[in-house]
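Read the structure below first, then the notes.
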Amino acid sequence: MPLIRLQGITKIYGTGDAEVRALRGIDMDIHGGEFVAIMGPSGSGKSTAMNIMGFLDKPTSGTYLFGGAEVDNLGRDQLALLRRNFLGFVFQGYNLLARTSALDNVELPLIYQGMAGTKRRQLAREALAKVGLKGREDHDPSQLSGGQQQRVAIARAIVTNPDVILADEPTGNLDTARSREIMDLLTDLNRTDGITILMVTHEPDMAEYADRLVHFVDGLIESDTRNEKVTTDAL
């Protein structure tokens with residue numbers, strides 16, 4: 001059973017002349033431990049699909065199974081629990097709290113889980129060390145480079161030990177060198193820790209880090225291929 005299964009997923013916004021069919025019937029399986037890059041032009045449906053897989057939006061029709069369980073009819077609170085316990089998110093704009101230390105930013109998901117302060121701080125420090133930011137725990141975002149801020153965001157995403165990281169243009173605000181550092185980090189989390197990575201990107205050179213490339217066009221999957229170079233290198 002795949003970790004994520006989309007069956008006949010559609011998403012329609014608006015009605016009548018304002019109707020937009022963002023997804024037109026998507027079928028896709030994602031297995032645990034995969035690194036999947038989702039690409040496509042603006043308006044192709046890739047971000048809509050990512051939002052649905054991240055429990056941030058619901059499909060208009062079709063079936064979404066996560067870990068074999070159907071999630072389409074779950075309520076807001078139940079979906080929030082799934083996000084909190086199984087998913088980590090990384091965004092293009094980092095989404096860090098200003099004037100708040102890196103450590104406090106990374107602790108946030110654990111606060112939502114109700115974890116005690118001592119354990120929470122320990123796990124946050126470990127997550128920051130894992131992304132190469134040991135010694136930067138007390139720095140706020142204004143004291144960190146863009147690449148370092150994205151590392152804090154990744155630490156925040158992994159601190160709950162998620163099954164899946166959903167990364168939306170994670171290198172979109174970074175130069176080439178910093179982008180490659182972030183992609184190397186995501187690749188290591190995938191290969192070493194077994195975290196499933198779902199990444200939306202418009203950059204072909206960043207997508208090449210993934211072992212699977214899915215291209216969306218006009219709300220449909222145009223192609224779904226293995227990246228043979230990555231698969232061979234991983235053996």
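Within each chain, counting starts at residue 1; across the structure tokens, chains are named A, B, ... in the order shown, with ligands numbered 1 upward in that order.
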Spatial neighbours of range 2-14 of chain A, 10 Å, only C-alpha atoms, chain gap at least 5 places, as a tab-separated table (two decimals) with all heavy atoms, in the first residue's frame:
```tsv
chain	number	residue	atom	x	y	z
A	19	GLU	N	-15.76	29.53	-13.06
A	19	GLU	CA	-15.28	28.21	-12.66
A	19	GLU	C	-13.87	27.94	-13.18
A	19	GLU	O	-13.55	28.21	-14.35
A	19	GLU	CB	-16.23	27.13	-13.19
A	19	GLU	CG	-15.81	25.72	-12.81
A	19	GLU	CD	-16.79	24.69	-13.31
A	19	GLU	OE1	-17.88	24.58	-12.70
A	19	GLU	OE2	-16.48	24.01	-14.31
A	20	VAL	N	-13.03	27.42	-12.31
A	20	VAL	CA	-11.66	27.04	-12.67
A	20	VAL	C	-11.46	25.59	-12.25
A	20	VAL	O	-11.61	25.25	-11.08
A	20	VAL	CB	-10.61	27.93	-11.98
A	20	VAL	CG1	-9.20	27.42	-12.28
A	20	VAL	CG2	-10.77	29.37	-12.40
A	21	ARG	N	-11.10	24.74	-13.21
A	21	ARG	CA	-10.83	23.34	-12.91
A	21	ARG	C	-9.33	23.18	-12.70
A	21	ARG	O	-8.58	22.95	-13.64
A	21	ARG	CB	-11.34	22.45	-14.04
A	21	ARG	CG	-12.86	22.46	-14.17
A	21	ARG	CD	-13.36	21.56	-15.28
A	21	ARG	NE	-14.81	21.49	-15.28
A	21	ARG	CZ	-15.52	20.58	-14.63
A	21	ARG	NH1	-14.89	19.64	-13.94
A	21	ARG	NH2	-16.84	20.59	-14.67
A	22	ALA	N	-8.92	23.29	-11.45
A	22	ALA	CA	-7.49	23.24	-11.14
A	22	ALA	C	-6.92	21.84	-11.31
A	22	ALA	O	-5.78	21.67	-11.74
A	22	ALA	CB	-7.26	23.73	-9.71
A	23	LEU	N	-7.72	20.82	-10.95
A	23	LEU	CA	-7.33	19.42	-11.15
A	23	LEU	C	-8.47	18.71	-11.85
A	23	LEU	O	-9.63	18.87	-11.47
A	23	LEU	CB	-7.01	18.74	-9.81
A	23	LEU	CG	-5.80	19.27	-9.04
A	23	LEU	CD1	-5.68	18.57	-7.70
A	23	LEU	CD2	-4.51	19.10	-9.84
A	24	ARG	N	-8.13	17.86	-12.83
A	24	ARG	CA	-9.15	17.29	-13.69
A	24	ARG	C	-9.24	15.76	-13.61
A	24	ARG	O	-9.73	15.12	-14.53
A	24	ARG	CB	-8.88	17.70	-15.15
A	24	ARG	CG	-8.94	19.21	-15.36
A	24	ARG	CD	-8.45	19.59	-16.75
A	24	ARG	NE	-8.55	21.03	-16.96
A	24	ARG	CZ	-9.57	21.64	-17.53
A	24	ARG	NH1	-10.62	20.93	-17.94
A	24	ARG	NH2	-9.57	22.95	-17.69
A	25	GLY	N	-8.76	15.21	-12.51
A	25	GLY	CA	-8.81	13.75	-12.35
A	25	GLY	C	-7.40	13.18	-12.24
A	25	GLY	O	-6.89	12.61	-13.20
A	26	ILE	N	-6.82	13.32	-11.06
A	26	ILE	CA	-5.43	12.93	-10.84
A	26	ILE	C	-5.38	11.56	-10.17
A	26	ILE	O	-6.04	11.32	-9.16
A	26	ILE	CB	-4.70	13.97	-9.94
A	26	ILE	CG1	-4.65	15.33	-10.63
A	26	ILE	CG2	-3.31	13.48	-9.57
A	26	ILE	CD1	-3.87	15.33	-11.92
A	27	ASP	N	-4.56	10.68	-10.72
A	27	ASP	CA	-4.26	9.39	-10.11
A	27	ASP	C	-2.75	9.35	-9.85
A	27	ASP	O	-1.96	9.49	-10.80
A	27	ASP	CB	-4.65	8.22	-11.02
A	27	ASP	CG	-6.14	8.17	-11.29
A	27	ASP	OD1	-6.92	8.22	-10.32
A	27	ASP	OD2	-6.53	8.09	-12.48
A	28	MET	N	-2.37	9.15	-8.60
A	28	MET	CA	-0.94	9.12	-8.29
A	28	MET	C	-0.70	8.37	-6.99
A	28	MET	O	-1.41	8.58	-6.01
A	28	MET	CB	-0.38	10.55	-8.18
A	28	MET	CG	1.11	10.62	-7.90
A	28	MET	SD	1.83	12.26	-8.20
A	28	MET	CE	0.91	13.25	-7.02
A	29	ASP	N	0.30	7.49	-7.00
A	29	ASP	CA	0.74	6.79	-5.80
A	29	ASP	C	2.13	7.26	-5.42
A	29	ASP	O	3.00	7.40	-6.30
A	29	ASP	CB	0.80	5.27	-6.03
A	29	ASP	CG	-0.58	4.63	-6.08
A	29	ASP	OD1	-1.57	5.31	-5.75
A	29	ASP	OD2	-0.66	3.45	-6.47
A	30	ILE	N	2.35	7.50	-4.13
A	30	ILE	CA	3.67	7.86	-3.63
A	30	ILE	C	3.99	6.91	-2.48
A	30	ILE	O	3.23	6.81	-1.51
A	30	ILE	CB	3.71	9.32	-3.16
A	30	ILE	CG1	3.47	10.26	-4.35
A	30	ILE	CG2	5.05	9.64	-2.48
A	30	ILE	CD1	3.27	11.70	-3.97
A	31	HIS	N	5.11	6.24	-2.60
A	31	HIS	CA	5.50	5.26	-1.59
A	31	HIS	C	6.45	5.88	-0.58
A	31	HIS	O	7.17	6.84	-0.87
A	31	HIS	CB	6.15	4.05	-2.27
A	31	HIS	CG	5.20	3.24	-3.09
A	31	HIS	ND1	4.51	2.17	-2.58
A	31	HIS	CD2	4.80	3.38	-4.38
A	31	HIS	CE1	3.72	1.66	-3.52
A	31	HIS	NE2	3.89	2.37	-4.63
A	32	GLY	N	6.43	5.34	0.62
A	32	GLY	CA	7.30	5.82	1.67
A	32	GLY	C	8.76	5.76	1.25
A	32	GLY	O	9.21	4.77	0.68
A	33	GLY	N	9.50	6.84	1.51
A	33	GLY	CA	10.92	6.90	1.19
A	33	GLY	C	11.23	7.47	-0.18
A	33	GLY	O	12.41	7.62	-0.53
A	34	GLU	N	10.22	7.81	-0.97
A	34	GLU	CA	10.48	8.41	-2.28
A	34	GLU	C	10.83	9.89	-2.13
A	34	GLU	O	10.46	10.55	-1.16
A	34	GLU	CB	9.25	8.29	-3.19
A	34	GLU	CG	9.02	6.90	-3.73
A	34	GLU	CD	8.03	6.91	-4.91
A	34	GLU	OE1	6.83	7.11	-4.66
A	34	GLU	OE2	8.48	6.72	-6.05
A	45	GLY	N	-1.72	23.10	-11.76
A	45	GLY	CA	-2.36	22.29	-10.74
A	45	GLY	C	-1.40	21.68	-9.73
A	45	GLY	O	-1.83	21.03	-8.77
A	48	THR	N	-1.96	23.02	-6.18
A	48	THR	CA	-3.24	22.54	-5.68
A	48	THR	C	-3.11	21.09	-5.21
A	48	THR	O	-3.61	20.72	-4.13
A	48	THR	CB	-4.32	22.63	-6.78
A	48	THR	OG1	-4.46	23.99	-7.20
A	48	THR	CG2	-5.66	22.13	-6.27
A	49	ALA	N	-2.42	20.28	-6.00
A	49	ALA	CA	-2.20	18.88	-5.61
A	49	ALA	C	-1.40	18.81	-4.32
A	49	ALA	O	-1.69	18.00	-3.42
A	49	ALA	CB	-1.49	18.13	-6.73
A	52	ILE	N	-3.57	19.63	-1.32
A	52	ILE	CA	-4.46	18.51	-0.98
A	52	ILE	C	-3.68	17.42	-0.25
A	52	ILE	O	-4.11	16.90	0.78
A	52	ILE	CB	-5.15	17.95	-2.24
A	52	ILE	CG1	-6.19	18.96	-2.74
A	52	ILE	CG2	-5.81	16.60	-1.95
A	52	ILE	CD1	-6.81	18.61	-4.08
A	53	MET	N	-2.48	17.10	-0.75
A	53	MET	CA	-1.68	16.06	-0.10
A	53	MET	C	-1.22	16.49	1.30
A	53	MET	O	-0.98	15.65	2.16
A	53	MET	CB	-0.48	15.69	-0.98
A	53	MET	CG	-0.87	14.89	-2.21
A	53	MET	SD	0.54	14.26	-3.15
A	53	MET	CE	1.08	15.76	-4.00
A	57	ASP	N	-6.11	21.58	1.88
A	57	ASP	CA	-7.28	21.79	1.04
A	57	ASP	C	-7.92	20.42	0.82
A	57	ASP	O	-7.28	19.38	1.01
A	57	ASP	CB	-6.88	22.43	-0.29
A	57	ASP	CG	-8.04	23.12	-0.99
A	57	ASP	OD1	-9.18	23.03	-0.48
A	57	ASP	OD2	-7.82	23.74	-2.04
A	58	LYS	N	-9.19	20.44	0.42
A	58	LYS	CA	-9.90	19.19	0.15
A	58	LYS	C	-10.27	19.11	-1.33
A	58	LYS	O	-10.59	20.13	-1.95
A	58	LYS	CB	-11.18	19.10	1.00
A	58	LYS	CG	-10.93	18.84	2.47
A	58	LYS	CD	-12.24	18.53	3.18
A	58	LYS	CE	-11.99	18.06	4.60
A	58	LYS	NZ	-13.24	17.63	5.27
A	59	PRO	N	-10.24	17.90	-1.91
A	59	PRO	CA	-10.63	17.78	-3.31
A	59	PRO	C	-12.13	17.96	-3.49
A	59	PRO	O	-12.91	17.76	-2.55
A	59	PRO	CB	-10.21	16.35	-3.66
A	59	PRO	CG	-10.25	15.61	-2.35
A	59	PRO	CD	-9.85	16.62	-1.31
A	60	THR	N	-12.52	18.34	-4.68
A	60	THR	CA	-13.94	18.42	-5.01
A	60	THR	C	-14.52	17.02	-5.17
A	60	THR	O	-15.65	16.75	-4.75
A	60	THR	CB	-14.13	19.23	-6.30
A	60	THR	OG1	-13.57	20.54	-6.13
A	60	THR	CG2	-15.61	19.36	-6.66
A	61	SER	N	-13.76	16.14	-5.76
A	61	SER	CA	-14.18	14.74	-5.89
A	61	SER	C	-12.94	13.86	-5.95
A	61	SER	O	-11.82	14.34	-6.12
A	61	SER	CB	-15.05	14.54	-7.14
A	61	SER	OG	-14.31	14.80	-8.32
A	62	GLY	N	-13.15	12.57	-5.83
A	62	GLY	CA	-12.04	11.63	-5.83
A	62	GLY	C	-11.73	11.16	-4.41
A	62	GLY	O	-12.39	11.55	-3.45
A	63	THR	N	-10.73	10.31	-4.30
A	63	THR	CA	-10.37	9.70	-3.03
A	63	THR	C	-8.89	9.94	-2.73
A	63	THR	O	-8.04	9.74	-3.59
A	63	THR	CB	-10.64	8.18	-3.06
A	63	THR	OG1	-12.03	7.97	-3.33
A	63	THR	CG2	-10.27	7.54	-1.73
A	64	TYR	N	-8.62	10.34	-1.49
A	64	TYR	CA	-7.26	10.51	-1.01
A	64	TYR	C	-7.05	9.56	0.17
A	64	TYR	O	-7.77	9.63	1.17
A	64	TYR	CB	-7.03	11.97	-0.59
A	64	TYR	CG	-5.67	12.26	0.04
A	64	TYR	CD1	-4.59	11.39	-0.09
A	64	TYR	CD2	-5.47	13.42	0.77
A	64	TYR	CE1	-3.36	11.68	0.47
A	64	TYR	CE2	-4.23	13.72	1.33
A	64	TYR	CZ	-3.19	12.83	1.19
A	64	TYR	OH	-1.97	13.11	1.76
A	65	LEU	N	-6.08	8.66	0.03
A	65	LEU	CA	-5.72	7.75	1.11
A	65	LEU	C	-4.32	8.07	1.60
A	65	LEU	O	-3.39	8.21	0.79
A	65	LEU	CB	-5.79	6.29	0.65
A	65	LEU	CG	-7.18	5.73	0.33
A	65	LEU	CD1	-7.45	5.84	-1.17
A	65	LEU	CD2	-7.31	4.29	0.77
A	66	PHE	N	-4.18	8.19	2.92
A	66	PHE	CA	-2.88	8.42	3.54
A	66	PHE	C	-2.61	7.25	4.48
A	66	PHE	O	-3.37	7.01	5.41
A	66	PHE	CB	-2.87	9.73	4.32
A	66	PHE	CG	-1.52	10.09	4.89
A	66	PHE	CD1	-0.59	10.79	4.12
A	66	PHE	CD2	-1.17	9.72	6.17
A	66	PHE	CE1	0.65	11.11	4.63
A	66	PHE	CE2	0.08	10.03	6.70
A	66	PHE	CZ	0.99	10.73	5.92
A	67	GLY	N	-1.54	6.51	4.20
A	67	GLY	CA	-1.25	5.32	5.00
A	67	GLY	C	-2.36	4.30	4.93
A	67	GLY	O	-2.58	3.54	5.88
A	68	GLY	N	-3.09	4.26	3.83
A	68	GLY	CA	-4.17	3.30	3.64
A	68	GLY	C	-5.51	3.75	4.17
A	68	GLY	O	-6.52	3.07	3.95
A	69	ALA	N	-5.54	4.89	4.87
A	69	ALA	CA	-6.80	5.38	5.44
A	69	ALA	C	-7.37	6.52	4.59
A	69	ALA	O	-6.64	7.43	4.19
A	69	ALA	CB	-6.57	5.87	6.87
A	70	GLU	N	-8.66	6.47	4.34
A	70	GLU	CA	-9.31	7.51	3.55
A	70	GLU	C	-9.47	8.76	4.41
A	70	GLU	O	-9.96	8.70	5.53
A	70	GLU	CB	-10.66	7.02	3.06
A	70	GLU	CG	-11.30	7.91	2.01
A	70	GLU	CD	-12.53	7.27	1.36
A	70	GLU	OE1	-12.57	6.04	1.29
A	70	GLU	OE2	-13.43	8.03	0.96
A	163	ASP	N	6.69	11.73	8.71
A	163	ASP	CA	6.81	10.75	7.63
A	163	ASP	C	7.10	11.44	6.30
A	163	ASP	O	7.76	10.86	5.43
A	163	ASP	CB	5.51	9.95	7.49
A	163	ASP	CG	5.28	9.01	8.66
A	163	ASP	OD1	6.25	8.69	9.37
A	163	ASP	OD2	4.12	8.61	8.88
A	164	VAL	N	6.57	12.66	6.13
A	164	VAL	CA	6.65	13.36	4.84
A	164	VAL	C	7.04	14.81	5.07
A	164	VAL	O	6.54	15.46	5.99
A	164	VAL	CB	5.28	13.33	4.10
A	164	VAL	CG1	5.39	14.00	2.74
A	164	VAL	CG2	4.77	11.90	3.96
A	196	THR	N	10.02	10.78	3.36
A	196	THR	CA	9.48	11.00	2.03
A	196	THR	C	9.47	12.50	1.74
A	196	THR	O	9.01	13.29	2.57
A	196	THR	CB	8.04	10.45	1.94
A	196	THR	OG1	8.06	9.06	2.31
A	196	THR	CG2	7.48	10.59	0.54
A	219	GLY	N	-3.99	20.81	-15.17
A	219	GLY	CA	-4.73	20.04	-14.20
A	219	GLY	C	-4.63	18.54	-14.34
A	219	GLY	O	-5.36	17.80	-13.68
A	220	LEU	N	-3.72	18.07	-15.21
A	220	LEU	CA	-3.51	16.64	-15.42
A	220	LEU	C	-2.03	16.31	-15.30
A	220	LEU	O	-1.17	17.18	-15.46
A	220	LEU	CB	-4.01	16.23	-16.81
A	220	LEU	CG	-5.52	16.35	-17.06
A	220	LEU	CD1	-5.81	16.18	-18.55
A	220	LEU	CD2	-6.29	15.29	-16.25
```
(message) Set the distance at 7 Å and use only C-alpha atoms: which residues neighbour Ile197 in chain A once local chain neighbours fewer than 6 positions away are removed? I'd like the list as number ranges by chain.
(response) A: 34-36, 164-166, 190
(message) Excluding Gly147 in chain A and its own-chain neighbours fewer than 2 positions away, which residues fall within 7 Å of it when counting only C-alpha atoms? Please give them as a ChimeraX atom specification.
(response) /A:145,149-151,174,178
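Every protein or nucleic acid residue with an atom no more than 10 Å from Leu213 in chain A, counting only C-alpha atoms and leaving out same-chain residues fewer than 6 positions away, appears here: Phe35, Val36, Ala37, Ile38, Met39, Met199, Pro204, Ala207, Ser223, Asp224, Thr225, Arg226 and Asn227 of chain A.
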(request) Identify, on the basis of only C-alpha atoms, every residue whose closest approach to Lys130 in chain A does not exceed 12 Å; exclude the query and any residue fewer than 5 positions from it along the same chain; express the result as an MDAnalysis selection string. (result) chainID A and resid 123:125 135 151:152 154:159 185:186 188:189 192:193
(request) May I have the residues within 10 Å of Pro162 in chain A as JSON, numbers by chain, using only C-alpha atoms and disregarding those fewer than 6 positions away in the same chain? (result) {"A": [83, 84, 85, 86, 87, 88, 89, 195, 196]}
